[in-house]
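Colleague: This is the structure, below, for whatever I ask next.
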Amino acid sequence: MTLAYWLAERFHFAPRRLVAARALEEQDTARRAQLAAQGISKVDSDLAPARERLLMQPWWLDWTAGLFPVILAVFLLRSFLFEPFKIPSGSMIPTLLVGDLILVNKYHYGVRLPVINKKIIPNNDPKRGDVMVFRFPRDPSIDYIKRVVGLPGDEVSFRNQKLSINGQEVPLEATPAPGFYDEDSLRYFPEFKEKLGDVEHRILVNPQAQRPFGADGAYTFPFRENCRYSAEGVSCKVPEGHYFMMGDNRDNSEDSRYWGFVPDENIVGRAFFVWMNFGNPKRIGSFH
């Protein structure tokens with residue numbers, strides 16, 4: 001709608017106002033020439049206010065056509081550069097907390113067309129350890145955020161709360177006691193440092209609170225035959241063009257262990273910055 005008004009203003013209303021202003025100037029010039037012929041050289045008239053009134057954009061065009069450049073800039077910014085998201089759950093604690101308002105770099109993994117999300121310009125490939133926003137495979141209308149754990153071709157195993165990639169167990173380093181303090185539950189949780197690729201980050205995992213795992217707790221999803229479930233956990237072979245995602249709050253995250261792999265076409269962008277948390281402004285800054 002604003003585009004239609006902007007085009008009408010550009011090619012119809014504005015030219016008409018300009019024609020009217022020029023006609024006024026021509027009338028004033030003709031009048032001055034006529035008075036000069038009569039020997040009157042000084043004319044007490046100021047054409048500027050009348051010309052400004054003719055050229056002035058009506059209020060209803062200012063609130064329609066005037067909004068189009070702003071809406072276009074926001075659309076381009078959110079579609080191709082950066083987009084804000086709000087963290088709704090605790091699956092990424094302690095890296096991201098509930099209420100964090102984050103920025104997502106939408107061109108880091110390549111430029112994609114809006115709506116259809118088709119990649120038209122490739123850029124970086126996802127790496128282990130990246131915090132990624134993606135469209136939830138079970139419902140693409142919902143955006144999820146998790147950490148990239150498995151790349152295409154990887155064998156990812158999470159058994160007895162220990163993560164292994166391609167047969168190599170990912171080492172954990174305990175942080176100093178008492179651990180991570182959760183202000184909502186007023187409790188401390190065991191916290192560890194984990195390194196995936198070049199990214200070192202913190203996770204929450206409680207070896208004493210291990211819960212039984214099994215195929216009954218997982219959904220049906222594409223390439224489910226690539227996964228093997230047992231009471232100890234799950235092992236999955238990541239198919240080509242897909243990624244295995246996990247939350248940093250390992251005991252409280254419904255992720256690829258339950259609903260499967262994230263296809264490349266579902267990628268939205270790479271999360272990199274907390275720009276606001278109204279309950280805790282100290283959260284503002286990069287979390288890498």
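Naming scheme: A, B, ... for chains in displayed order of the structure tokens; residues 1 onward per chain; ligands 1 onward as shown.
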Using only C-alpha atoms, determine which residues lie at most 8 Å from Gly150 of chain A, disregarding the query and same-chain residues fewer than 3 positions distant; provide the list as a tab-separated table (two decimals) with all heavy atoms, in the first residue's frame.
Modeller:
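Written file, selection_30.tsv:
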```tsv
chain	number	residue	atom	x	y	z
A	128	ARG	N	31.12	-26.37	13.75
A	128	ARG	CA	30.80	-26.87	15.09
A	128	ARG	C	31.01	-25.76	16.10
A	128	ARG	O	32.02	-25.07	16.09
A	128	ARG	CB	31.70	-28.05	15.44
A	128	ARG	CG	31.47	-29.29	14.59
A	128	ARG	CD	32.22	-30.48	15.19
A	128	ARG	NE	32.29	-31.59	14.23
A	128	ARG	CZ	33.30	-31.80	13.42
A	128	ARG	NH1	34.34	-30.99	13.46
A	128	ARG	NH2	33.28	-32.81	12.57
A	154	ASP	N	29.14	-36.41	9.95
A	154	ASP	CA	29.62	-36.71	11.29
A	154	ASP	C	28.81	-37.84	11.92
A	154	ASP	O	27.63	-38.03	11.65
A	154	ASP	CB	29.50	-35.48	12.20
A	154	ASP	CG	30.62	-34.48	11.96
A	154	ASP	OD1	31.59	-34.83	11.27
A	154	ASP	OD2	30.52	-33.34	12.47
A	155	GLU	N	29.47	-38.57	12.79
A	155	GLU	CA	28.81	-39.55	13.67
A	155	GLU	C	28.76	-38.93	15.05
A	155	GLU	O	29.79	-38.77	15.71
A	155	GLU	CB	29.59	-40.86	13.70
A	155	GLU	CG	28.97	-41.93	14.59
A	155	GLU	CD	27.75	-42.60	13.96
A	155	GLU	OE1	27.69	-42.67	12.71
A	155	GLU	OE2	26.89	-43.07	14.73
A	156	VAL	N	27.58	-38.55	15.48
A	156	VAL	CA	27.40	-37.88	16.77
A	156	VAL	C	26.77	-38.85	17.76
A	156	VAL	O	25.76	-39.50	17.45
A	156	VAL	CB	26.50	-36.63	16.62
A	156	VAL	CG1	26.30	-35.95	17.98
A	156	VAL	CG2	27.12	-35.63	15.64
A	165	ILE	N	32.08	-37.17	19.02
A	165	ILE	CA	31.95	-36.84	17.60
A	165	ILE	C	32.98	-37.64	16.83
A	165	ILE	O	34.18	-37.56	17.11
A	165	ILE	CB	32.13	-35.34	17.35
A	165	ILE	CG1	31.07	-34.53	18.12
A	165	ILE	CG2	32.04	-35.02	15.86
A	165	ILE	CD1	31.23	-33.03	18.01
A	238	VAL	N	24.98	-37.99	10.64
A	238	VAL	CA	24.36	-36.79	10.07
A	238	VAL	C	24.36	-36.89	8.55
A	238	VAL	O	25.42	-37.04	7.93
A	238	VAL	CB	25.12	-35.52	10.51
A	238	VAL	CG1	24.39	-34.28	10.00
A	238	VAL	CG2	25.25	-35.48	12.03
A	243	TYR	N	22.30	-30.84	9.68
A	243	TYR	CA	23.13	-30.54	10.85
A	243	TYR	C	22.46	-31.10	12.10
A	243	TYR	O	21.23	-31.18	12.19
A	243	TYR	CB	23.34	-29.02	10.99
A	243	TYR	CG	24.03	-28.45	9.77
A	243	TYR	CD1	23.29	-27.96	8.69
A	243	TYR	CD2	25.43	-28.43	9.69
A	243	TYR	CE1	23.92	-27.46	7.56
A	243	TYR	CE2	26.07	-27.92	8.56
A	243	TYR	CZ	25.31	-27.46	7.50
A	243	TYR	OH	25.93	-26.97	6.37
A	244	PHE	N	23.30	-31.48	13.05
A	244	PHE	CA	22.82	-32.00	14.33
A	244	PHE	C	22.97	-30.89	15.36
A	244	PHE	O	24.07	-30.39	15.60
A	244	PHE	CB	23.64	-33.22	14.74
A	244	PHE	CG	23.04	-34.03	15.86
A	244	PHE	CD1	22.19	-35.08	15.60
A	244	PHE	CD2	23.33	-33.72	17.19
A	244	PHE	CE1	21.64	-35.83	16.64
A	244	PHE	CE2	22.79	-34.45	18.23
A	244	PHE	CZ	21.94	-35.52	17.96
A	245	MET	N	21.86	-30.50	15.98
A	245	MET	CA	21.83	-29.35	16.89
A	245	MET	C	21.54	-29.80	18.32
A	245	MET	O	20.74	-30.72	18.54
A	245	MET	CB	20.75	-28.36	16.45
A	245	MET	CG	20.71	-28.07	14.95
A	245	MET	SD	22.21	-27.26	14.35
A	245	MET	CE	22.09	-25.69	15.21
```
Colleague: Just the residues within 12 Å of segment 273-288 of chain A, please, counting only C-alpha atoms, with nothing from its chain fewer than 3 positions along; format it as an mmCIF file with all heavy atoms, in the first residue's frame.
Modeller:
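See around.cif below for the written result:
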```
data_model
loop_
_atom_site.group_PDB
_atom_site.id
_atom_site.type_symbol
_atom_site.label_atom_id
_atom_site.label_comp_id
_atom_site.auth_asym_id
_atom_site.auth_seq_id
_atom_site.Cartn_x
_atom_site.Cartn_y
_atom_site.Cartn_z
ATOM 1 N N PHE A 82 20.566 -8.257 9.349
ATOM 2 C CA PHE A 82 20.429 -8.631 10.752
ATOM 3 C C PHE A 82 18.951 -8.670 11.129
ATOM 4 O O PHE A 82 18.140 -7.905 10.616
ATOM 5 C CB PHE A 82 21.149 -7.622 11.658
ATOM 6 C CG PHE A 82 22.604 -7.446 11.335
ATOM 7 C CD1 PHE A 82 23.036 -6.340 10.628
ATOM 8 C CD2 PHE A 82 23.543 -8.386 11.712
ATOM 9 C CE1 PHE A 82 24.366 -6.162 10.309
ATOM 10 C CE2 PHE A 82 24.881 -8.235 11.410
ATOM 11 C CZ PHE A 82 25.288 -7.117 10.700
ATOM 12 N N GLU A 83 18.645 -9.579 12.054
ATOM 13 C CA GLU A 83 17.275 -9.681 12.541
ATOM 14 C C GLU A 83 17.296 -9.951 14.040
ATOM 15 O O GLU A 83 18.117 -10.738 14.510
ATOM 16 C CB GLU A 83 16.519 -10.805 11.822
ATOM 17 C CG GLU A 83 15.039 -10.851 12.188
ATOM 18 C CD GLU A 83 14.245 -11.805 11.308
ATOM 19 O OE1 GLU A 83 14.834 -12.383 10.372
ATOM 20 O OE2 GLU A 83 13.045 -11.976 11.555
ATOM 21 N N PRO A 84 16.427 -9.273 14.797
ATOM 22 C CA PRO A 84 16.386 -9.517 16.244
ATOM 23 C C PRO A 84 15.499 -10.706 16.593
ATOM 24 O O PRO A 84 14.504 -10.967 15.929
ATOM 25 C CB PRO A 84 15.787 -8.210 16.788
ATOM 26 C CG PRO A 84 14.906 -7.719 15.679
ATOM 27 C CD PRO A 84 15.547 -8.163 14.394
ATOM 28 N N PHE A 85 15.877 -11.413 17.639
ATOM 29 C CA PHE A 85 15.088 -12.525 18.164
ATOM 30 C C PHE A 85 15.094 -12.446 19.688
ATOM 31 O O PHE A 85 16.021 -11.893 20.286
ATOM 32 C CB PHE A 85 15.664 -13.877 17.725
ATOM 33 C CG PHE A 85 15.445 -14.200 16.282
ATOM 34 C CD1 PHE A 85 16.355 -13.791 15.328
ATOM 35 C CD2 PHE A 85 14.324 -14.907 15.869
ATOM 36 C CE1 PHE A 85 16.170 -14.075 13.993
ATOM 37 C CE2 PHE A 85 14.125 -15.203 14.537
ATOM 38 C CZ PHE A 85 15.055 -14.788 13.595
ATOM 39 N N LYS A 86 14.074 -13.035 20.286
ATOM 40 C CA LYS A 86 13.987 -13.096 21.747
ATOM 41 C C LYS A 86 14.096 -14.550 22.190
ATOM 42 O O LYS A 86 13.446 -15.437 21.612
ATOM 43 C CB LYS A 86 12.669 -12.500 22.239
ATOM 44 C CG LYS A 86 12.551 -12.485 23.762
ATOM 45 C CD LYS A 86 11.254 -11.833 24.210
ATOM 46 C CE LYS A 86 11.156 -11.801 25.731
ATOM 47 N NZ LYS A 86 9.899 -11.165 26.192
ATOM 48 N N ILE A 87 14.927 -14.799 23.200
ATOM 49 C CA ILE A 87 15.102 -16.154 23.721
ATOM 50 C C ILE A 87 13.900 -16.506 24.601
ATOM 51 O O ILE A 87 13.692 -15.890 25.654
ATOM 52 C CB ILE A 87 16.409 -16.272 24.531
ATOM 53 C CG1 ILE A 87 17.601 -15.877 23.665
ATOM 54 C CG2 ILE A 87 16.575 -17.672 25.064
ATOM 55 C CD1 ILE A 87 17.780 -16.728 22.419
ATOM 56 N N MET A 92 19.250 -22.906 26.104
ATOM 57 C CA MET A 92 20.618 -22.476 25.797
ATOM 58 C C MET A 92 21.334 -21.895 27.017
ATOM 59 O O MET A 92 22.406 -21.297 26.880
ATOM 60 C CB MET A 92 20.607 -21.455 24.661
ATOM 61 C CG MET A 92 20.370 -22.065 23.291
ATOM 62 S SD MET A 92 21.667 -23.231 22.803
ATOM 63 C CE MET A 92 23.060 -22.128 22.598
ATOM 64 N N ILE A 93 20.749 -22.059 28.205
ATOM 65 C CA ILE A 93 21.452 -21.668 29.433
ATOM 66 C C ILE A 93 22.698 -22.539 29.574
ATOM 67 O O ILE A 93 22.643 -23.731 29.303
ATOM 68 C CB ILE A 93 20.526 -21.860 30.658
ATOM 69 C CG1 ILE A 93 19.352 -20.870 30.605
ATOM 70 C CG2 ILE A 93 21.285 -21.671 31.960
ATOM 71 C CD1 ILE A 93 18.320 -21.088 31.692
ATOM 72 N N PRO A 94 23.849 -21.999 29.942
ATOM 73 C CA PRO A 94 24.099 -20.651 30.477
ATOM 74 C C PRO A 94 24.536 -19.625 29.431
ATOM 75 O O PRO A 94 24.769 -18.472 29.763
ATOM 76 C CB PRO A 94 25.242 -20.900 31.457
ATOM 77 C CG PRO A 94 26.037 -21.990 30.791
ATOM 78 C CD PRO A 94 25.021 -22.870 30.118
ATOM 79 N N THR A 95 24.652 -20.030 28.147
ATOM 80 C CA THR A 95 25.089 -19.090 27.115
ATOM 81 C C THR A 95 24.069 -17.989 26.897
ATOM 82 O O THR A 95 24.419 -16.803 26.847
ATOM 83 C CB THR A 95 25.336 -19.834 25.789
ATOM 84 O OG1 THR A 95 26.273 -20.891 26.006
ATOM 85 C CG2 THR A 95 25.886 -18.886 24.731
ATOM 86 N N LEU A 96 22.814 -18.363 26.774
ATOM 87 C CA LEU A 96 21.726 -17.411 26.557
ATOM 88 C C LEU A 96 20.641 -17.670 27.588
ATOM 89 O O LEU A 96 20.269 -18.817 27.829
ATOM 90 C CB LEU A 96 21.155 -17.556 25.141
ATOM 91 C CG LEU A 96 22.127 -17.208 23.994
ATOM 92 C CD1 LEU A 96 21.529 -17.612 22.662
ATOM 93 C CD2 LEU A 96 22.453 -15.719 24.014
ATOM 94 N N LEU A 97 20.139 -16.585 28.175
ATOM 95 C CA LEU A 97 19.128 -16.690 29.223
ATOM 96 C C LEU A 97 17.765 -16.299 28.684
ATOM 97 O O LEU A 97 17.650 -15.603 27.665
ATOM 98 C CB LEU A 97 19.494 -15.788 30.401
ATOM 99 C CG LEU A 97 20.888 -15.973 31.012
ATOM 100 C CD1 LEU A 97 21.043 -15.060 32.230
ATOM 101 C CD2 LEU A 97 21.137 -17.428 31.382
ATOM 102 N N VAL A 98 16.730 -16.748 29.360
ATOM 103 C CA VAL A 98 15.371 -16.378 28.985
ATOM 104 C C VAL A 98 15.232 -14.856 29.064
ATOM 105 O O VAL A 98 15.601 -14.239 30.055
ATOM 106 C CB VAL A 98 14.347 -17.051 29.917
ATOM 107 C CG1 VAL A 98 12.932 -16.600 29.564
ATOM 108 C CG2 VAL A 98 14.456 -18.568 29.822
ATOM 109 N N GLY A 99 14.714 -14.269 27.997
ATOM 110 C CA GLY A 99 14.545 -12.823 27.957
ATOM 111 C C GLY A 99 15.648 -12.094 27.217
ATOM 112 O O GLY A 99 15.513 -10.896 26.928
ATOM 113 N N ASP A 100 16.738 -12.789 26.883
ATOM 114 C CA ASP A 100 17.785 -12.154 26.084
ATOM 115 C C ASP A 100 17.230 -11.779 24.717
ATOM 116 O O ASP A 100 16.569 -12.587 24.050
ATOM 117 C CB ASP A 100 18.968 -13.102 25.891
ATOM 118 C CG ASP A 100 19.895 -13.152 27.094
ATOM 119 O OD1 ASP A 100 19.735 -12.318 28.002
ATOM 120 O OD2 ASP A 100 20.777 -14.031 27.134
ATOM 121 N N LEU A 101 17.507 -10.552 24.295
ATOM 122 C CA LEU A 101 17.169 -10.105 22.943
ATOM 123 C C LEU A 101 18.460 -10.133 22.138
ATOM 124 O O LEU A 101 19.406 -9.420 22.463
ATOM 125 C CB LEU A 101 16.562 -8.704 22.971
ATOM 126 C CG LEU A 101 15.291 -8.557 23.811
ATOM 127 C CD1 LEU A 101 14.845 -7.103 23.865
ATOM 128 C CD2 LEU A 101 14.172 -9.419 23.238
ATOM 129 N N ILE A 102 18.497 -10.963 21.119
ATOM 130 C CA ILE A 102 19.744 -11.206 20.399
ATOM 131 C C ILE A 102 19.644 -10.724 18.961
ATOM 132 O O ILE A 102 18.549 -10.526 18.408
ATOM 133 C CB ILE A 102 20.112 -12.703 20.413
ATOM 134 C CG1 ILE A 102 19.052 -13.517 19.650
ATOM 135 C CG2 ILE A 102 20.252 -13.219 21.833
ATOM 136 C CD1 ILE A 102 19.444 -14.955 19.401
ATOM 137 N N LEU A 103 20.808 -10.509 18.352
ATOM 138 C CA LEU A 103 20.902 -10.199 16.932
ATOM 139 C C LEU A 103 21.431 -11.416 16.193
ATOM 140 O O LEU A 103 22.329 -12.108 16.671
ATOM 141 C CB LEU A 103 21.834 -9.006 16.696
ATOM 142 C CG LEU A 103 21.279 -7.619 17.026
ATOM 143 C CD1 LEU A 103 22.345 -6.565 16.781
ATOM 144 C CD2 LEU A 103 20.040 -7.319 16.192
ATOM 145 N N VAL A 104 20.886 -11.637 15.012
ATOM 146 C CA VAL A 104 21.280 -12.770 14.178
ATOM 147 C C VAL A 104 21.820 -12.250 12.853
ATOM 148 O O VAL A 104 21.155 -11.449 12.180
ATOM 149 C CB VAL A 104 20.081 -13.717 13.934
ATOM 150 C CG1 VAL A 104 20.450 -14.809 12.944
ATOM 151 C CG2 VAL A 104 19.627 -14.320 15.250
ATOM 152 N N ASN A 105 23.012 -12.678 12.503
ATOM 153 C CA ASN A 105 23.635 -12.323 11.234
ATOM 154 C C ASN A 105 23.046 -13.224 10.147
ATOM 155 O O ASN A 105 23.305 -14.424 10.127
ATOM 156 C CB ASN A 105 25.149 -12.506 11.333
ATOM 157 C CG ASN A 105 25.875 -12.045 10.096
ATOM 158 O OD1 ASN A 105 25.370 -12.114 8.996
ATOM 159 N ND2 ASN A 105 27.097 -11.560 10.285
ATOM 160 N N GLY A 129 30.061 -25.619 16.983
ATOM 161 C CA GLY A 129 30.150 -24.592 18.008
ATOM 162 C C GLY A 129 29.365 -23.340 17.694
ATOM 163 O O GLY A 129 29.107 -22.528 18.592
ATOM 164 N N ASP A 130 28.956 -23.145 16.426
ATOM 165 C CA ASP A 130 28.153 -21.970 16.083
ATOM 166 C C ASP A 130 26.806 -22.027 16.791
ATOM 167 O O ASP A 130 26.205 -23.098 16.924
ATOM 168 C CB ASP A 130 27.913 -21.903 14.574
ATOM 169 C CG ASP A 130 29.140 -21.457 13.799
ATOM 170 O OD1 ASP A 130 30.157 -21.138 14.437
ATOM 171 O OD2 ASP A 130 29.067 -21.416 12.553
ATOM 172 N N VAL A 131 26.326 -20.860 17.223
ATOM 173 C CA VAL A 131 24.961 -20.743 17.740
ATOM 174 C C VAL A 131 24.087 -20.297 16.574
ATOM 175 O O VAL A 131 24.265 -19.205 16.041
ATOM 176 C CB VAL A 131 24.881 -19.752 18.908
ATOM 177 C CG1 VAL A 131 23.440 -19.620 19.395
ATOM 178 C CG2 VAL A 131 25.775 -20.209 20.056
ATOM 179 N N MET A 132 23.165 -21.159 16.186
ATOM 180 C CA MET A 132 22.416 -20.947 14.950
ATOM 181 C C MET A 132 20.922 -20.813 15.219
ATOM 182 O O MET A 132 20.356 -21.544 16.039
ATOM 183 C CB MET A 132 22.665 -22.115 13.985
ATOM 184 C CG MET A 132 21.927 -22.016 12.663
ATOM 185 S SD MET A 132 21.946 -23.583 11.757
ATOM 186 C CE MET A 132 23.681 -23.694 11.327
ATOM 187 N N ARG A 147 22.925 -24.962 19.311
ATOM 188 C CA ARG A 147 24.333 -24.943 18.918
ATOM 189 C C ARG A 147 24.610 -26.072 17.920
ATOM 190 O O ARG A 147 24.109 -27.181 18.072
ATOM 191 C CB ARG A 147 25.236 -25.107 20.152
ATOM 192 C CG ARG A 147 26.714 -24.827 19.851
ATOM 193 C CD ARG A 147 27.545 -24.933 21.109
ATOM 194 N NE ARG A 147 27.207 -23.926 22.108
ATOM 195 C CZ ARG A 147 27.692 -22.688 22.115
ATOM 196 N NH1 ARG A 147 28.532 -22.294 21.162
ATOM 197 N NH2 ARG A 147 27.338 -21.850 23.066
ATOM 198 N N GLU A 183 18.594 -17.922 38.703
ATOM 199 C CA GLU A 183 17.814 -17.000 39.526
ATOM 200 C C GLU A 183 16.348 -17.383 39.597
ATOM 201 O O GLU A 183 15.652 -17.008 40.544
ATOM 202 C CB GLU A 183 17.962 -15.572 38.985
ATOM 203 C CG GLU A 183 19.384 -15.029 39.095
ATOM 204 C CD GLU A 183 19.490 -13.602 38.623
ATOM 205 O OE1 GLU A 183 18.474 -13.075 38.122
ATOM 206 O OE2 GLU A 183 20.584 -13.010 38.730
ATOM 207 N N ASP A 184 15.841 -18.086 38.584
ATOM 208 C CA ASP A 184 14.424 -18.470 38.604
ATOM 209 C C ASP A 184 14.154 -19.572 39.628
ATOM 210 O O ASP A 184 13.191 -19.508 40.395
ATOM 211 C CB ASP A 184 13.974 -18.928 37.219
ATOM 212 C CG ASP A 184 13.961 -17.782 36.212
ATOM 213 O OD1 ASP A 184 13.770 -16.629 36.638
ATOM 214 O OD2 ASP A 184 14.157 -18.045 35.003
ATOM 215 N N ASP A 198 36.654 -24.628 17.144
ATOM 216 C CA ASP A 198 37.435 -23.553 17.744
ATOM 217 C C ASP A 198 36.667 -22.788 18.808
ATOM 218 O O ASP A 198 37.169 -21.792 19.340
ATOM 219 C CB ASP A 198 37.893 -22.571 16.650
ATOM 220 C CG ASP A 198 38.805 -23.223 15.622
ATOM 221 O OD1 ASP A 198 39.554 -24.138 16.016
ATOM 222 O OD2 ASP A 198 38.757 -22.828 14.442
ATOM 223 N N VAL A 199 35.445 -23.219 19.100
ATOM 224 C CA VAL A 199 34.571 -22.481 20.008
ATOM 225 C C VAL A 199 34.559 -23.145 21.382
ATOM 226 O O VAL A 199 34.191 -24.314 21.513
ATOM 227 C CB VAL A 199 33.140 -22.397 19.454
ATOM 228 C CG1 VAL A 199 32.238 -21.639 20.428
ATOM 229 C CG2 VAL A 199 33.143 -21.723 18.094
ATOM 230 N N GLU A 200 34.969 -22.393 22.390
ATOM 231 C CA GLU A 200 34.867 -22.858 23.772
ATOM 232 C C GLU A 200 33.667 -22.181 24.420
ATOM 233 O O GLU A 200 33.522 -20.958 24.346
ATOM 234 C CB GLU A 200 36.143 -22.536 24.548
ATOM 235 C CG GLU A 200 36.146 -23.120 25.964
ATOM 236 C CD GLU A 200 37.464 -22.876 26.686
ATOM 237 O OE1 GLU A 200 37.637 -21.745 27.192
ATOM 238 O OE2 GLU A 200 38.302 -23.790 26.737
ATOM 239 N N HIS A 201 32.823 -22.952 25.028
ATOM 240 C CA HIS A 201 31.603 -22.411 25.621
ATOM 241 C C HIS A 201 31.270 -23.210 26.872
ATOM 242 O O HIS A 201 31.904 -24.227 27.172
ATOM 243 C CB HIS A 201 30.445 -22.502 24.621
ATOM 244 C CG HIS A 201 30.163 -23.888 24.165
ATOM 245 N ND1 HIS A 201 30.910 -24.523 23.192
ATOM 246 C CD2 HIS A 201 29.225 -24.795 24.556
ATOM 247 C CE1 HIS A 201 30.447 -25.739 23.000
ATOM 248 N NE2 HIS A 201 29.434 -25.940 23.823
ATOM 249 N N ARG A 202 30.278 -22.751 27.592
ATOM 250 C CA ARG A 202 29.855 -23.417 28.820
ATOM 251 C C ARG A 202 28.559 -24.182 28.582
ATOM 252 O O ARG A 202 27.715 -23.766 27.781
ATOM 253 C CB ARG A 202 29.655 -22.387 29.934
ATOM 254 C CG ARG A 202 30.938 -21.657 30.339
ATOM 255 C CD ARG A 202 30.637 -20.596 31.377
ATOM 256 N NE ARG A 202 29.700 -19.600 30.850
ATOM 257 C CZ ARG A 202 28.921 -18.826 31.617
ATOM 258 N NH1 ARG A 202 28.949 -18.961 32.927
ATOM 259 N NH2 ARG A 202 28.116 -17.941 31.063
ATOM 260 N N ARG A 270 23.321 -16.809 11.978
ATOM 261 C CA ARG A 270 24.220 -17.072 13.111
ATOM 262 C C ARG A 270 23.994 -16.013 14.194
ATOM 263 O O ARG A 270 24.144 -14.817 13.954
ATOM 264 C CB ARG A 270 25.676 -17.045 12.647
ATOM 265 C CG ARG A 270 26.708 -17.275 13.733
ATOM 266 C CD ARG A 270 28.087 -17.328 13.111
ATOM 267 N NE ARG A 270 29.144 -17.531 14.105
ATOM 268 C CZ ARG A 270 29.834 -16.532 14.655
ATOM 269 N NH1 ARG A 270 29.589 -15.282 14.305
ATOM 270 N NH2 ARG A 270 30.772 -16.783 15.549
#
```
Colleague: Return the single residue from A:Met1, A:Cys236, A:Ala14, A:Val205 that is closest to Gly167 of chain A, with distances computed using only C-alpha atoms.
Modeller: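 Selected residue with least distance to Gly167 of chain A: A:Cys236.
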Colleague: Which residues, written as an MDAnalysis selection string, have at least one atom at most 12 Å from Glu9 of chain A, with only C-alpha atoms counted and residues fewer than 6 positions away on the same chain left out?
Modeller: chainID A and resid 2:3 15:18 55:58 60:66 68
Colleague: Could you give me, as a PDB file with C-alpha atoms, in the first residue's frame, the residues within 8 Å of Arg159 of chain A, counting only C-alpha atoms and dropping anything in the same chain fewer than 5 positions from it?
Modeller:
```pdb
ATOM      1  CA  GLU A 232      22.030 -44.760  27.522  1.00  0.00           C
ATOM      2  CA  GLY A 233      21.343 -42.250  24.763  1.00  0.00           C
ATOM      3  CA  VAL A 234      21.496 -41.896  21.002  1.00  0.00           C
ATOM      4  CA  SER A 235      24.003 -42.103  18.144  1.00  0.00           C
TER       5      SER A 235
END
```
Colleague: What residues in segment 55-102 of chain A get the DSSP label strand (DSSP E)? Please answer as a PyMOL selection string.
Modeller: chain A and resi 82-86+101-102
Colleague: Write out the residues from the selection above, keeping N, CA, C and O atoms, as a PDB file, in the first residue's frame.
Modeller:
```
ATOM      1  N   PHE A  82      20.566  -8.257   9.349  1.00  0.00           N
ATOM      2  CA  PHE A  82      20.429  -8.631  10.752  1.00  0.00           C
ATOM      3  C   PHE A  82      18.951  -8.670  11.129  1.00  0.00           C
ATOM      4  O   PHE A  82      18.140  -7.905  10.616  1.00  0.00           O
ATOM      5  N   GLU A  83      18.645  -9.579  12.054  1.00  0.00           N
ATOM      6  CA  GLU A  83      17.275  -9.681  12.541  1.00  0.00           C
ATOM      7  C   GLU A  83      17.296  -9.951  14.040  1.00  0.00           C
ATOM      8  O   GLU A  83      18.117 -10.738  14.510  1.00  0.00           O
ATOM      9  N   PRO A  84      16.427  -9.273  14.797  1.00  0.00           N
ATOM     10  CA  PRO A  84      16.386  -9.517  16.244  1.00  0.00           C
ATOM     11  C   PRO A  84      15.499 -10.706  16.593  1.00  0.00           C
ATOM     12  O   PRO A  84      14.504 -10.967  15.929  1.00  0.00           O
ATOM     13  N   PHE A  85      15.877 -11.413  17.639  1.00  0.00           N
ATOM     14  CA  PHE A  85      15.088 -12.525  18.164  1.00  0.00           C
ATOM     15  C   PHE A  85      15.094 -12.446  19.688  1.00  0.00           C
ATOM     16  O   PHE A  85      16.021 -11.893  20.286  1.00  0.00           O
ATOM     17  N   LYS A  86      14.074 -13.035  20.286  1.00  0.00           N
ATOM     18  CA  LYS A  86      13.987 -13.096  21.747  1.00  0.00           C
ATOM     19  C   LYS A  86      14.096 -14.550  22.190  1.00  0.00           C
ATOM     20  O   LYS A  86      13.446 -15.437  21.612  1.00  0.00           O
ATOM     21  N   LEU A 101      17.507 -10.552  24.295  1.00  0.00           N
ATOM     22  CA  LEU A 101      17.169 -10.105  22.943  1.00  0.00           C
ATOM     23  C   LEU A 101      18.460 -10.133  22.138  1.00  0.00           C
ATOM     24  O   LEU A 101      19.406  -9.420  22.463  1.00  0.00           O
ATOM     25  N   ILE A 102      18.497 -10.963  21.119  1.00  0.00           N
ATOM     26  CA  ILE A 102      19.744 -11.206  20.399  1.00  0.00           C
ATOM     27  C   ILE A 102      19.644 -10.724  18.961  1.00  0.00           C
ATOM     28  O   ILE A 102      18.549 -10.526  18.408  1.00  0.00           O
TER      29      ILE A 102
END
```
Colleague: Excluding Tyr219 of chain A and its own-chain neighbours fewer than 2 positions away, which residues fall within 7 Å of it when counting only C-alpha atoms? Please give them as a list in words.
Modeller: Gly217, Phe221, Tyr258 and Trp259 of chain A
Colleague: Pick out the closest residue to Pro137 of chain A from this set: A:Pro190, A:Pro49, A:Gly39, A:Pro222. Count only C-alpha atoms.
Modeller: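 Going through A:Pro190, A:Pro49, A:Gly39, A:Pro222 one by one, the smallest distance to Pro137 of chain A is for A:Pro222.
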Colleague: For Tyr107 of chain A, find every residue with an atom within 9 Å (counting only C-alpha atoms), except residues of its own chain fewer than 3 positions away, and show them as number ranges by chain.
Modeller: A: 80-82, 110-112, 121-124, 268-270
Colleague: Just write the chosen residues, C-alpha atoms, as an mmCIF file, in the first residue's frame.
Modeller:
```cif
data_model
loop_
_atom_site.group_PDB
_atom_site.id
_atom_site.type_symbol
_atom_site.label_atom_id
_atom_site.label_comp_id
_atom_site.auth_asym_id
_atom_site.auth_seq_id
_atom_site.Cartn_x
_atom_site.Cartn_y
_atom_site.Cartn_z
ATOM 1 C CA PHE A 80 19.450 -9.883 4.291
ATOM 2 C CA LEU A 81 21.535 -8.411 7.124
ATOM 3 C CA PHE A 82 20.429 -8.631 10.752
ATOM 4 C CA GLY A 110 24.874 -16.940 2.619
ATOM 5 C CA VAL A 111 22.274 -14.561 1.203
ATOM 6 C CA ARG A 112 18.821 -16.104 0.954
ATOM 7 C CA ILE A 121 24.807 -16.234 -2.735
ATOM 8 C CA PRO A 122 26.843 -18.743 -0.676
ATOM 9 C CA ASN A 123 29.084 -17.550 2.125
ATOM 10 C CA ASN A 124 30.405 -19.434 5.181
ATOM 11 C CA VAL A 268 18.113 -18.443 9.285
ATOM 12 C CA GLY A 269 21.463 -17.128 10.512
ATOM 13 C CA ARG A 270 24.220 -17.072 13.111
#
```
Colleague: Calculate how many Å separate atom CA of Lys162 of chain A from atom CA of Ser256 of chain A, rounding to one decimal.
Modeller: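 Computed distance, atom CA of Lys162 of chain A to atom CA of Ser256 of chain A, equals 15.2 Å.
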